[in-house]
>>> print(open('data.txt').read())   # compact mmCIF, C-alpha atoms
# COMPACT_ATOMS: atom_id res chain seq x y z
CA MET A 321 0.00 0.00 0.00
CA ILE A 322 2.83 2.37 0.92
CA THR A 323 4.70 1.38 -2.24
CA GLU A 324 1.57 1.99 -4.28
CA ASP A 325 1.23 5.47 -2.74
CA PHE A 326 4.85 6.18 -3.50
CA ASP A 327 4.45 4.98 -7.10
CA ARG A 328 1.57 7.44 -7.54
CA ILE A 329 3.50 10.31 -5.97
CA LEU A 330 6.55 9.62 -8.14
CA ASP A 331 4.27 9.40 -11.18
CA ASP A 332 2.64 12.72 -10.30
CA CYS A 333 6.04 14.41 -9.96
CA ILE A 334 7.16 13.01 -13.33
CA ASP A 335 3.98 14.33 -14.95
CA ARG A 336 4.48 17.72 -13.36
CA ILE A 337 8.13 17.93 -14.43
CA ASN A 338 7.10 16.89 -17.95
CA HIS A 339 4.69 19.85 -17.90
CA GLY A 340 7.34 22.35 -16.81
CA ASP A 341 7.10 22.21 -13.02
CA ASN A 342 10.40 22.04 -11.15
CA LEU A 343 11.81 19.36 -8.90
CA LYS A 344 11.96 21.62 -5.86
CA ASP A 345 8.22 22.42 -5.95
CA CYS A 346 7.37 18.77 -6.24
CA LEU A 347 9.58 17.82 -3.31
CA SER A 348 8.08 20.56 -1.16
CA ASP A 349 4.62 19.16 -1.85
CA TYR A 350 5.66 15.74 -0.55
CA PRO A 351 7.94 16.47 2.40
CA ALA A 352 7.48 12.99 3.86
CA TYR A 353 8.80 11.43 0.65
CA SER A 354 11.28 14.06 -0.49
CA GLU A 355 14.36 12.13 0.66
CA LYS A 356 13.30 9.10 -1.37
CA LEU A 357 11.98 11.11 -4.31
CA ARG A 358 14.95 13.41 -4.84
CA PRO A 359 17.52 10.84 -6.13
CA LEU A 360 14.94 9.27 -8.43
CA LEU A 361 13.85 12.59 -9.91
CA GLU A 362 17.50 13.58 -10.31
CA SER A 363 18.03 10.40 -12.33
CA MET A 364 15.06 11.39 -14.48
CA HIS A 365 16.71 14.77 -14.99
CA ASP A 366 19.99 13.06 -16.02
CA VAL A 367 18.22 10.89 -18.60
CA GLN A 368 16.25 13.82 -20.03
CA LYS A 369 19.33 16.03 -20.15
CA THR A 370 21.34 13.35 -21.93
CA TYR A 371 18.86 12.54 -24.65
CA THR A 372 16.87 15.75 -25.04
CA PHE A 373 17.79 17.67 -28.13
CA THR A 374 15.99 20.16 -30.28
CA PRO A 375 15.60 18.85 -33.81
CA SER A 376 16.91 21.25 -36.42
CA ALA A 377 14.37 23.78 -37.66
CA ASP A 378 15.23 22.86 -41.26
CA SER A 379 14.53 19.16 -40.77
CA LYS A 380 11.29 19.89 -38.96
CA ARG A 381 10.16 22.34 -41.63
CA ALA A 382 11.03 19.93 -44.46
CA ALA A 383 9.16 17.11 -42.71
CA ARG A 384 6.18 19.40 -42.11
CA GLN A 385 6.08 20.32 -45.80
CA ARG A 386 6.21 16.64 -46.80
CA PHE A 387 3.43 15.86 -44.35
CA HIS A 388 1.15 18.65 -45.58
CA ALA A 389 1.85 17.80 -49.22
CA ALA A 390 0.86 14.18 -48.52
CA LEU A 391 -2.20 15.37 -46.60
CA ASP A 392 -3.33 17.58 -49.48
CA LYS A 393 -2.77 14.75 -51.94
CA GLN A 394 -4.76 12.34 -49.80
CA ARG A 395 -7.62 14.83 -49.38
CA GLN A 396 -7.81 15.48 -53.09
CA ALA A 397 -8.05 11.73 -53.67
CA THR A 398 -11.19 11.40 -51.52
CA PRO A 399 -14.65 11.82 -53.13
CA LEU A 400 -15.46 14.70 -50.81
CA PHE A 401 -12.78 16.74 -52.48
CA SER A 402 -13.33 15.49 -55.99
CA PHE A 403 -15.16 18.66 -57.01
CA PHE A 404 -11.92 20.56 -56.55
CA ARG A 405 -10.47 18.53 -59.40
CA ALA A 406 -13.26 19.75 -61.66
CA ILE A 407 -12.13 23.33 -61.27
CA PRO A 408 -9.94 24.38 -64.23
CA ARG A 409 -6.27 24.52 -63.31
CA PRO A 410 -5.77 28.29 -63.82
CA ALA A 411 -8.55 28.94 -61.32
CA VAL A 412 -6.96 26.56 -58.84
CA TRP A 413 -3.58 28.22 -59.20
CA ALA A 414 -5.12 31.67 -58.88
CA THR A 415 -6.85 30.58 -55.68
CA ILE A 416 -3.66 29.04 -54.32
CA THR A 417 -1.70 32.18 -55.18
CA VAL A 418 -4.24 34.39 -53.42
CA LEU A 419 -4.22 32.07 -50.41
CA VAL A 420 -0.42 31.98 -50.27
CA LEU A 421 -0.24 35.77 -50.51
CA ALA A 422 -2.87 36.08 -47.80
CA ILE A 423 -0.94 33.68 -45.56
CA VAL A 424 2.37 35.45 -46.21
CA ALA A 425 0.72 38.80 -45.52
CA ALA A 426 -0.78 37.42 -42.32
CA LEU A 427 2.49 35.85 -41.20
CA VAL A 428 5.10 38.34 -42.34
CA ILE A 429 3.56 41.77 -42.84
CA ARG A 430 1.43 41.65 -39.73
CA PRO A 431 3.26 41.08 -36.46
CA ALA A 432 1.90 37.58 -36.55
CA LEU A 433 3.51 36.28 -33.43
CA ASN A 434 1.49 38.71 -31.36
CA PRO A 435 -1.78 37.03 -30.49
CA SER A 436 -4.94 38.62 -31.85
CA THR A 437 -7.34 39.69 -29.14
CA LEU A 438 -10.97 38.81 -29.73
CA VAL A 439 -14.06 40.63 -28.52
CA PRO A 440 -17.16 38.88 -27.18
CA SER A 441 -20.38 38.66 -29.16
CA VAL A 442 -23.71 37.03 -28.23
CA ASP A 443 -24.16 35.45 -31.66
CA GLY A 444 -20.55 34.29 -32.03
CA ASN A 445 -19.41 30.99 -33.50
CA PHE A 446 -17.42 29.95 -30.43
CA VAL A 447 -18.37 29.34 -26.80
CA PHE A 448 -15.85 28.67 -24.05
CA LEU A 449 -16.90 26.86 -20.87
CA ILE A 450 -15.23 25.69 -17.68
CA SER A 451 -16.11 22.46 -15.92
CA ASP A 452 -14.69 20.33 -13.13
CA GLU A 453 -13.72 16.67 -13.18
CA PRO A 454 -14.53 15.46 -9.65
CA ASN A 455 -11.33 14.15 -8.09
CA ASP A 456 -10.86 15.84 -4.72
CA ILE A 457 -13.30 18.71 -5.23
CA GLY A 458 -15.50 17.11 -2.54
CA ASP A 459 -13.02 18.39 0.08
CA PHE A 460 -13.89 21.97 -0.77
CA GLU A 461 -16.65 24.26 0.33
CA SER A 462 -15.63 26.65 -2.43
CA LEU A 463 -12.78 26.77 -4.91
CA ASN A 464 -12.63 30.02 -6.83
CA VAL A 465 -10.40 30.11 -9.87
CA THR A 466 -9.75 33.43 -11.60
CA ILE A 467 -8.93 33.18 -15.30
CA SER A 468 -7.36 36.30 -16.73
CA LYS A 469 -7.02 35.18 -20.34
CA VAL A 470 -7.81 32.29 -22.68
CA GLY A 471 -5.76 31.47 -25.77
CA LEU A 472 -6.22 29.30 -28.85
CA GLN A 473 -3.27 28.06 -30.94
CA ALA A 474 -3.88 27.60 -34.66
CA ALA A 475 -3.01 24.12 -35.95
CA ASP A 476 -1.49 25.11 -39.27
CA SER A 477 0.37 28.31 -38.41
CA LEU A 478 1.95 30.19 -35.54
CA LYS A 479 -1.16 32.30 -35.16
CA ARG A 480 -2.59 32.64 -31.66
CA LEU A 481 -5.90 34.12 -30.61
CA GLU A 482 -6.63 35.37 -27.13
CA PHE A 483 -9.66 36.65 -25.33
CA THR A 484 -10.52 37.90 -21.85
CA PRO A 485 -13.36 35.94 -20.26
CA GLU A 486 -16.55 37.88 -19.60
CA THR A 487 -16.87 35.88 -16.37
CA GLN A 488 -13.40 35.70 -14.88
CA THR A 489 -13.94 33.90 -11.57
CA VAL A 490 -15.62 30.50 -11.40
CA ASP A 491 -16.32 28.33 -8.36
CA LEU A 492 -15.31 24.80 -9.34
CA THR A 493 -17.46 23.26 -6.59
CA GLN A 494 -20.50 24.40 -8.60
CA LEU A 495 -19.25 22.81 -11.81
CA GLN A 496 -19.03 19.11 -10.98
CA GLY A 497 -20.17 16.26 -13.19
CA GLY A 498 -22.04 17.51 -16.24
CA GLN A 499 -22.14 21.11 -14.99
CA ALA A 500 -20.22 23.70 -16.96
CA GLN A 501 -20.16 27.48 -16.91
CA GLU A 502 -19.94 29.61 -20.01
CA ILE A 503 -17.28 32.28 -19.56
CA TRP A 504 -17.01 33.68 -23.08
CA ARG A 505 -18.91 33.69 -26.32
CA GLY A 506 -17.82 35.40 -29.49
CA ASN A 507 -16.53 35.12 -33.01
CA VAL A 508 -13.35 33.17 -33.61
CA THR A 509 -11.47 33.00 -36.89
CA THR A 510 -12.60 29.85 -38.67
CA GLY A 511 -10.03 27.11 -39.03
CA ARG A 512 -8.28 24.31 -37.20
CA TYR A 513 -6.82 24.73 -33.73
CA SER A 514 -4.47 22.46 -31.84
CA GLN A 515 -4.16 23.85 -28.32
CA VAL A 516 -6.19 25.72 -25.75
CA TYR A 517 -4.57 27.42 -22.80
CA ILE A 518 -5.89 29.40 -19.88
CA TYR A 519 -4.00 31.84 -17.69
CA VAL A 520 -4.96 31.47 -14.05
CA SER A 521 -4.20 34.56 -11.98
CA LYS A 522 -5.67 33.51 -8.63
CA VAL A 523 -6.94 30.40 -6.83
CA THR A 524 -8.76 30.58 -3.50
CA GLY A 525 -9.94 27.37 -1.89
CA LYS A 526 -11.93 26.89 1.33
CA LEU A 527 -11.96 23.41 2.88
CA LYS A 528 -15.19 21.87 4.17
CA SER A 529 -13.48 20.25 7.14
CA ALA A 530 -11.87 23.26 8.77
CA GLY A 531 -13.43 26.09 6.82
CA GLN A 532 -9.94 27.43 6.29
CA THR A 533 -8.39 28.60 3.06
CA VAL A 534 -5.76 26.28 1.58
CA ASP A 535 -2.88 26.53 -0.77
CA VAL A 536 -3.80 25.26 -4.24
CA LYS A 537 -0.81 25.09 -6.56
CA LEU A 538 -0.65 25.21 -10.32
CA PRO A 539 1.92 23.34 -12.44
CA SER A 540 2.40 26.77 -14.03
CA SER A 541 0.30 29.91 -14.37
CA LYS A 542 -0.74 28.65 -17.80
CA LEU A 543 -2.77 25.44 -18.03
CA HIS A 544 -2.85 24.03 -21.51
CA ILE A 545 -4.54 21.19 -23.32
CA SER A 546 -3.51 19.85 -26.72
CA ILE A 547 -6.64 18.79 -28.52
CA PRO A 548 -7.46 19.38 -32.17
CA PHE A 549 -10.73 21.02 -33.11
CA GLU A 550 -12.21 23.09 -35.87
CA VAL A 551 -14.22 26.30 -35.78
CA GLU A 552 -16.59 26.83 -38.68
CA SER A 553 -18.49 29.90 -39.77
CA ASP A 554 -21.90 28.24 -40.04
CA ALA A 555 -21.88 26.39 -36.71
CA VAL A 556 -21.22 27.19 -33.08
CA THR A 557 -18.31 25.29 -31.56
CA SER A 558 -18.37 25.06 -27.79
CA PHE A 559 -15.21 24.09 -25.95
CA THR A 560 -15.41 22.83 -22.38
CA PHE A 561 -12.09 23.11 -20.56
CA ASP A 562 -12.11 20.66 -17.70
CA ILE A 563 -10.08 21.52 -14.61
CA THR A 564 -9.53 19.16 -11.73
CA VAL A 565 -8.18 19.56 -8.24
CA VAL A 566 -6.09 16.75 -6.76
CA ALA A 567 -4.75 16.30 -3.22
CA THR A 568 -0.98 15.93 -3.22
CA GLY A 569 -0.45 13.11 -0.71
CA HIS A 570 -1.54 13.62 2.87
CA ASN A 571 -0.04 17.03 3.49
CA GLY A 572 -3.20 19.10 3.04
CA LYS A 573 -2.00 20.60 -0.22
CA TYR A 574 -3.79 20.51 -3.54
CA ILE A 575 -2.84 20.99 -7.14
CA LEU A 576 -4.99 22.28 -9.98
CA LYS A 577 -4.56 20.47 -13.31
CA PRO A 578 -6.20 20.49 -16.74
CA GLN A 579 -8.06 17.26 -17.46
CA ILE A 580 -7.47 16.38 -21.08
CA GLY A 581 -9.75 13.34 -21.26
CA ASP A 582 -12.82 15.37 -20.30
CA SER A 583 -12.08 18.59 -22.15
CA VAL A 584 -14.09 18.49 -25.31
CA PRO A 585 -14.87 20.60 -28.33
CA ARG A 586 -18.45 20.16 -29.59
CA GLU A 587 -20.34 21.49 -32.54
CA GLU A 588 -23.76 22.78 -31.52
CA MET B 315 -22.15 8.45 -51.89
CA ASP B 316 -23.86 6.21 -49.33
CA LYS B 317 -24.20 7.05 -45.65
CA ARG B 318 -21.53 4.58 -44.54
CA ASN B 319 -18.94 5.92 -46.95
CA ARG B 320 -19.75 9.48 -45.93
CA GLY B 321 -19.28 8.44 -42.30
CA ASN B 322 -15.92 6.82 -43.07
CA ILE B 323 -14.71 9.88 -44.95
CA SER B 324 -15.86 12.13 -42.14
CA ALA B 325 -13.99 9.96 -39.60
CA ILE B 326 -10.85 10.02 -41.74
CA ASN B 327 -11.13 13.81 -42.02
CA ASP B 328 -11.40 14.05 -38.24
CA TYR B 329 -8.33 11.84 -37.82
CA GLU B 330 -6.42 13.91 -40.38
CA THR B 331 -7.25 17.08 -38.43
CA GLN B 332 -6.23 15.39 -35.20
CA LEU B 333 -2.96 14.12 -36.66
CA SER B 334 -2.14 17.52 -38.10
CA GLY B 335 -2.78 19.08 -34.70
CA LEU B 336 -0.32 16.70 -33.04
CA TYR B 337 2.54 17.46 -35.42
CA GLU B 338 4.04 20.51 -33.66
CA GLU B 339 3.95 18.99 -30.19
CA TYR B 340 4.98 15.46 -30.99
CA TYR B 341 7.55 15.74 -33.78
CA ASP B 342 10.29 16.71 -31.28
CA LYS B 343 9.22 14.13 -28.71
CA ILE B 344 9.20 11.34 -31.27
CA ALA B 345 12.62 12.40 -32.57
CA ARG B 346 13.99 12.17 -29.00
CA TYR B 347 12.32 8.81 -28.45
CA VAL B 348 13.94 7.43 -31.60
CA TYR B 349 17.29 9.03 -30.75
CA VAL B 350 17.52 7.02 -27.52
CA HIS B 351 17.29 3.83 -29.57
CA ILE B 352 19.49 4.67 -32.52
CA GLY B 353 21.93 7.30 -31.26
CA SER B 354 21.84 9.49 -34.37
CA LYS B 355 20.02 12.83 -34.26
CA GLU B 356 19.80 13.20 -38.04
CA GLU B 357 18.35 9.72 -38.53
CA ALA B 358 16.00 10.29 -35.58
CA GLU B 359 14.68 13.46 -37.24
CA ASP B 360 14.13 11.60 -40.52
CA ILE B 361 12.28 8.78 -38.76
CA ALA B 362 10.12 11.30 -36.83
CA GLY B 363 9.04 12.81 -40.16
CA GLU B 364 8.40 9.33 -41.54
CA VAL B 365 6.18 8.50 -38.54
CA PHE B 366 3.69 11.23 -39.48
CA LEU B 367 3.67 10.20 -43.15
CA LYS B 368 3.14 6.56 -42.22
CA ALA B 369 0.37 7.54 -39.80
CA LEU B 370 -1.34 9.57 -42.50
CA MET B 371 -1.24 6.65 -44.92
CA SER B 372 -2.59 4.27 -42.26
CA LEU B 373 -5.45 6.40 -40.98
CA LYS B 374 -8.00 4.14 -42.63
CA SER B 375 -6.93 1.32 -40.37
CA TYR B 376 -6.62 3.48 -37.29
CA ARG B 377 -9.16 2.71 -34.65
CA GLU B 378 -9.09 4.27 -31.21
CA GLN B 379 -9.11 1.04 -29.22
CA GLY B 380 -8.28 2.78 -26.00
CA VAL B 381 -5.02 4.11 -27.38
CA PRO B 382 -5.00 7.83 -28.08
CA MET B 383 -3.48 8.97 -31.34
CA GLN B 384 -0.24 10.12 -29.73
CA GLY B 385 0.24 6.60 -28.34
CA TRP B 386 -0.38 5.16 -31.79
CA LEU B 387 2.31 7.51 -33.19
CA PHE B 388 4.83 6.11 -30.74
CA ARG B 389 3.88 2.57 -31.79
CA ILE B 390 4.65 3.53 -35.38
CA ALA B 391 7.89 5.15 -34.21
CA HIS B 392 8.81 1.95 -32.40
CA ASN B 393 8.16 -0.17 -35.51
CA LEU B 394 10.15 2.15 -37.75
CA THR B 395 12.99 2.17 -35.24
CA VAL B 396 13.04 -1.62 -35.16
CA ASP B 397 13.10 -1.68 -38.98
CA TYR B 398 15.96 0.80 -38.97
CA LEU B 399 17.95 -1.21 -36.42
CA ARG B 400 17.38 -4.39 -38.43
CA ARG B 401 18.82 -2.68 -41.49
CA MET B 402 21.81 -1.61 -39.43
CA ASP B 403 22.05 -4.99 -37.74
CA ASN B 404 25.47 -5.83 -39.08
CA ARG B 405 26.84 -2.80 -37.32
CA ARG B 406 24.74 -2.76 -34.17
CA THR B 407 24.15 -5.61 -31.78
CA VAL B 408 22.31 -3.85 -28.96
CA PRO B 409 19.35 -1.49 -29.13
CA ILE B 410 21.26 1.41 -27.66
CA ASP B 411 24.77 2.25 -28.75
CA PRO B 412 26.93 4.96 -27.32
CA VAL B 413 27.79 7.52 -29.95
CA MET B 414 30.27 10.34 -30.04
CA LEU B 415 28.60 13.69 -29.71
CA THR B 416 30.02 16.22 -32.11
CA GLY B 417 29.55 19.83 -33.10
CA SER B 418 30.79 21.54 -29.96
CA ASP B 419 33.36 24.34 -30.12
CA ASN B 420 34.50 23.50 -26.62
CA PRO B 421 36.40 20.17 -26.63
CA VAL B 422 36.42 19.92 -22.82
CA ALA B 423 32.65 20.37 -22.61
CA ALA B 424 32.21 17.96 -25.53
CA ALA B 425 34.33 15.33 -23.77
CA GLU B 426 32.32 15.76 -20.57
CA GLU B 427 29.10 15.42 -22.55
CA ASN B 428 30.42 12.22 -24.10
CA ILE B 429 31.27 10.78 -20.70
CA GLU B 430 27.83 11.70 -19.36
CA PHE B 431 26.16 10.24 -22.47
CA GLU B 432 28.02 6.97 -22.05
CA ARG B 433 27.28 6.86 -18.32
CA VAL B 434 23.53 7.25 -18.85
CA THR B 435 23.47 4.97 -21.90
CA GLU B 436 25.36 2.23 -20.04
CA ALA B 437 22.82 2.47 -17.22
CA MET B 438 19.90 2.38 -19.65
CA LYS B 439 21.32 -0.79 -21.21
CA GLN B 440 21.07 -2.55 -17.85
CA LEU B 441 17.29 -2.16 -17.82
CA THR B 442 14.98 -4.73 -19.34
CA ALA B 443 13.63 -3.81 -22.78
CA GLU B 444 10.21 -3.11 -21.25
CA GLN B 445 11.60 -0.91 -18.47
CA ARG B 446 13.63 1.01 -21.05
CA GLU B 447 10.52 1.54 -23.14
CA VAL B 448 8.60 2.88 -20.13
CA ILE B 449 11.40 5.32 -19.28
CA ASN B 450 11.72 6.39 -22.89
CA LEU B 451 7.99 6.96 -23.41
CA ARG B 452 7.54 8.75 -20.07
CA PHE B 453 10.71 10.88 -19.99
CA LEU B 454 11.32 11.60 -23.67
CA GLY B 455 7.89 11.00 -25.19
CA GLY B 456 6.12 12.85 -22.37
CA LEU B 457 3.23 10.35 -22.35
CA THR B 458 1.21 9.63 -19.21
CA SER B 459 1.41 6.26 -17.47
CA LYS B 460 -2.08 5.48 -18.76
CA GLU B 461 -1.03 6.20 -22.35
CA VAL B 462 2.11 4.09 -21.92
CA GLY B 463 -0.06 1.30 -20.51
CA GLY B 464 -2.24 1.52 -23.63
CA ILE B 465 0.81 1.02 -25.84
CA LEU B 466 2.34 -1.80 -23.80
CA GLY B 467 -0.95 -3.54 -23.02
CA LYS B 468 -0.56 -3.00 -19.27
CA SER B 469 -2.53 -1.24 -16.56
CA ASP B 470 -1.35 2.22 -15.51
CA GLY B 471 -0.63 0.76 -12.05
CA ALA B 472 1.72 -1.80 -13.60
CA VAL B 473 3.41 0.97 -15.58
CA ARG B 474 3.91 3.06 -12.43
CA GLU B 475 5.42 0.08 -10.65
CA MET B 476 7.72 -0.70 -13.57
CA GLN B 477 8.69 2.96 -13.79
CA ARG B 478 9.69 3.13 -10.14
CA ALA B 479 11.71 -0.08 -10.36
CA ALA B 480 13.45 1.16 -13.51
CA ILE B 481 14.41 4.52 -12.02
CA GLU B 482 15.65 2.88 -8.83
CA LYS B 483 17.80 0.59 -10.95
CA LEU B 484 19.11 3.52 -13.01
CA ARG B 485 19.85 5.42 -9.85
CA GLY B 486 21.70 2.44 -8.39
CA ILE B 487 23.87 2.05 -11.48
CA MET B 488 24.49 5.74 -12.12
CA GLY B 489 25.07 6.41 -8.44
CA VAL B 490 27.77 3.72 -8.37
CA GLN B 491 29.34 5.04 -11.57
CA THR B 492 29.49 8.64 -10.31
>>> encode(input="data.txt", output="structure tokens")
Amino acid sequence: MITEDFDRILDDCIDRINHGDNLKDCLSDYPAYSEKLRPLLESMHDVQKTYTFTPSADSKRAARQRFHAALDKQRQATPLFSFFRAIPRPAVWATITVLVLAIVAALVIRPALNPSTLVPSVDGNFVFLISDEPNDIGDFESLNVTISKVGLQAADSLKRLEFTPETQTVDLTQLQGGQAQEIWRGNVTTGRYSQVYIYVSKVTGKLKSAGQTVDVKLPSSKLHISIPFEVESDAVTSFTFDITVVATGHNGKYILKPQIGDSVPREE
Amino acid sequence: MDKRNRGNISAINDYETQLSGLYEEYYDKIARYVYVHIGSKEEAEDIAGEVFLKALMSLKSYREQGVPMQGWLFRIAHNLTVDYLRRMDNRRTVPIDPVMLTGSDNPVAAAEENIEFERVTEAMKQLTAEQREVINLRFLGGLTSKEVGGILGKSDGAVREMQRAAIEKLRGIMGVQT
């Protein structure tokens, strides 16, 4: 039983380090195990340091181009895209040229790496919601999470979109099970997206048992989920970002994490 | 087009979108995963690119039987790595070979890096193939224990246990070597 607990704690620390948390924070969350954890996590660090390398930008770009070329070829070969083949070639090339120029203009002329900020709209094509996967939320009387910003990463370019939630503070105890709270609705550029991230500026938790406020940590101030989804102009896509709170051992501390399995994009 | 075909095409389109979305995050991780096995960064980068092409060509046969797409990508990476090692079999007899790291302007730092690389690689070789795979997928691939379990056909509890045993073994060997 003790070994099983330790396996879970070690596993949690490895997950957190993989998501950018540091060894020291993890050890401080598990003081009873820190002596045993430290050498193991240092070994993890040694292995990662030895084998981690950043692939060359040229290789990655070339591979990306090959992948997208193959993807385009495959899509053109499916019946759904067959009508594209019926379009006379000059028209196709003109369209491609316009698209390429538009993309170049968007990426080079505009300061593309700066995220575009979106404004809310009641009849928008995108709805963003927050929900809670019930892990240790039952320990809390209230758990208020303040979200200062939400970002969407485009799948096919470096473009990022950001918006400020209309409702910034949500109480996760009210959002268990199928409950979710809409925090923003507006128009989002149509296209494919690969990541959603939220910036959490404040977390205040009150325990049921003692009625006292507790320390709820974040792996980092930015919680992100990698999940592909598409926003279309003629449909409303709603994205529910699931957050969960988990007790870190038996030290009365909690950590707030994104829950990828339950975060879902849906077309309404 | 009948309903079933439309459904299949729609599913394939969804998978294509999903695969495309994973490219930026997983290309680097897959390259690192392959690098541990073959010891060549350039070849690892090539194989990482090949993984996505192979996945794209195999989407029709892809079914999410409890394994998320990123786990499936690592399965493909594993198979391509095995193929690569088979081709190189006359030169390599173990899955992980120490290699000389090059490209540094500082020979002292490069020598130290080489020593460290050999120390870690020697320790990794002492693990069982399954333990090595768990370490590789968790530390370099960044997968969760549940995802690793999906790939290896084990429960996440079994993966956590194997992970702890593997790190303890690594620590024992590397600690002695230090």
>>> residues_around(input="data.txt", residues="Ala555 (chain A)", least_positions_apart="2", cutoff="10 Å", atoms="all atoms listed in the file", output="list in words")
Gly444, Asn445, Phe446, Val551, Glu552, Ser553, Thr557, Ser558, Glu587 and Glu588 of chain A
>>> write_last_selection(input="data.txt", atoms="C-alpha atoms", output="PDB file, in the frame of the given file")
ATOM      1  CA  GLY A 444     -20.550  34.290 -32.030  1.00  0.00           C
ATOM      2  CA  ASN A 445     -19.410  30.990 -33.500  1.00  0.00           C
ATOM      3  CA  PHE A 446     -17.420  29.950 -30.430  1.00  0.00           C
ATOM      4  CA  VAL A 551     -14.220  26.300 -35.780  1.00  0.00           C
ATOM      5  CA  GLU A 552     -16.590  26.830 -38.680  1.00  0.00           C
ATOM      6  CA  SER A 553     -18.490  29.900 -39.770  1.00  0.00           C
ATOM      7  CA  THR A 557     -18.310  25.290 -31.560  1.00  0.00           C
ATOM      8  CA  SER A 558     -18.370  25.060 -27.790  1.00  0.00           C
ATOM      9  CA  GLU A 587     -20.340  21.490 -32.540  1.00  0.00           C
ATOM     10  CA  GLU A 588     -23.760  22.780 -31.520  1.00  0.00           C
TER      11      GLU A 588
END
>>> interface_residues(input="data.txt", of="chain A", to="chain B", cutoff="6 Å", atoms="all atoms listed in the file", output="PyMOL selection string")
chain A and resi 327+360+363+370+383+387+475+514+548
>>> residues_near_point(input="data.txt", point="(-5.9, 28.2, -37.7)", cutoff="6 Å", atoms="all atoms listed in the file", output="list in words")
Ala474, Ala475, Asp476, Gly511, Arg512 and Tyr513 of chain A
>>> atom_distance(input="data.txt", atom1="CA of Tyr350 (chain A)", atom2="CA of Lys573 (chain A)")
9.1 Å
>>> atom_distance(input="data.txt", atom1="CA of Ala389 (chain A)", atom2="CA of Val420 (chain A)")
14.4 Å
>>> axis_aligned_box(input="data.txt", around="region 426-438 of chain B", padding_each_side="4 Å", output="lines of an AutoDock Vina configuration file")
center_x = 26.1
center_y = 9.0
center_z = -20.7
size_x = 20.4
size_y = 21.5
size_z = 14.9
>>> atom_distance(input="data.txt", atom1="CA of Arg384 (chain A)", atom2="CA of Thr510 (chain A)")
21.8 Å
>>> closest_residue(input="data.txt", among="A:Lys522, A:Arg505, A:Lys380, A:Lys356", to="Ser441 (chain A)", atoms="all atoms listed in the file")
A:Arg505
>>> closest_residue(input="data.txt", among="B:Leu387, B:Leu373, B:Ile352, B:Leu466", to="Arg400 (chain B)", atoms="only C-alpha atoms")
B:Ile352
>>> closest_residue(input="data.txt", among="B:Lys439, B:Glu426, B:Leu399, B:Ile344", to="Gln384 (chain B)", atoms="all atoms listed in the file")
B:Ile344
>>> residues_around(input="data.txt", residues="region 478-490 of chain A", least_positions_apart="2", cutoff="6 Å", atoms="only C-alpha atoms", output="list in words")
Pro435, Ser436, Thr437, Leu438, Asn464, Val465, Thr466, Ile467, Lys469, Val470, Gly471, Leu472, Gln473, Ala474, Ile503 and Trp504 of chain A
>>> closest_residue(input="data.txt", among="A:Ala397, A:Ile450, A:Ile547, A:Cys346", to="Gly498 (chain A)", atoms="all atoms listed in the file")
A:Ile450
>>> decode(input="data.txt", residues="region 376-400 of chain A", atoms="C-alpha atoms", output="PDB file, in the first residue's frame")
ATOM      1  CA  SER A 376      16.911  21.249 -36.418  1.00  0.00           C
ATOM      2  CA  ALA A 377      14.372  23.782 -37.662  1.00  0.00           C
ATOM      3  CA  ASP A 378      15.232  22.861 -41.264  1.00  0.00           C
ATOM      4  CA  SER A 379      14.527  19.161 -40.766  1.00  0.00           C
ATOM      5  CA  LYS A 380      11.293  19.891 -38.962  1.00  0.00           C
ATOM      6  CA  ARG A 381      10.156  22.345 -41.634  1.00  0.00           C
ATOM      7  CA  ALA A 382      11.025  19.929 -44.459  1.00  0.00           C
ATOM      8  CA  ALA A 383       9.162  17.107 -42.708  1.00  0.00           C
ATOM      9  CA  ARG A 384       6.182  19.396 -42.108  1.00  0.00           C
ATOM     10  CA  GLN A 385       6.078  20.323 -45.797  1.00  0.00           C
ATOM     11  CA  ARG A 386       6.207  16.641 -46.799  1.00  0.00           C
ATOM     12  CA  PHE A 387       3.431  15.862 -44.353  1.00  0.00           C
ATOM     13  CA  HIS A 388       1.150  18.655 -45.577  1.00  0.00           C
ATOM     14  CA  ALA A 389       1.846  17.804 -49.217  1.00  0.00           C
ATOM     15  CA  ALA A 390       0.857  14.184 -48.516  1.00  0.00           C
ATOM     16  CA  LEU A 391      -2.199  15.371 -46.596  1.00  0.00           C
ATOM     17  CA  ASP A 392      -3.326  17.581 -49.478  1.00  0.00           C
ATOM     18  CA  LYS A 393      -2.766  14.748 -51.936  1.00  0.00           C
ATOM     19  CA  GLN A 394      -4.763  12.343 -49.799  1.00  0.00           C
ATOM     20  CA  ARG A 395      -7.622  14.825 -49.381  1.00  0.00           C
ATOM     21  CA  GLN A 396      -7.814  15.477 -53.089  1.00  0.00           C
ATOM     22  CA  ALA A 397      -8.050  11.735 -53.665  1.00  0.00           C
ATOM     23  CA  THR A 398     -11.189  11.395 -51.523  1.00  0.00           C
ATOM     24  CA  PRO A 399     -14.645  11.815 -53.133  1.00  0.00           C
ATOM     25  CA  LEU A 400     -15.463  14.701 -50.807  1.00  0.00           C
TER      26      LEU A 400
END
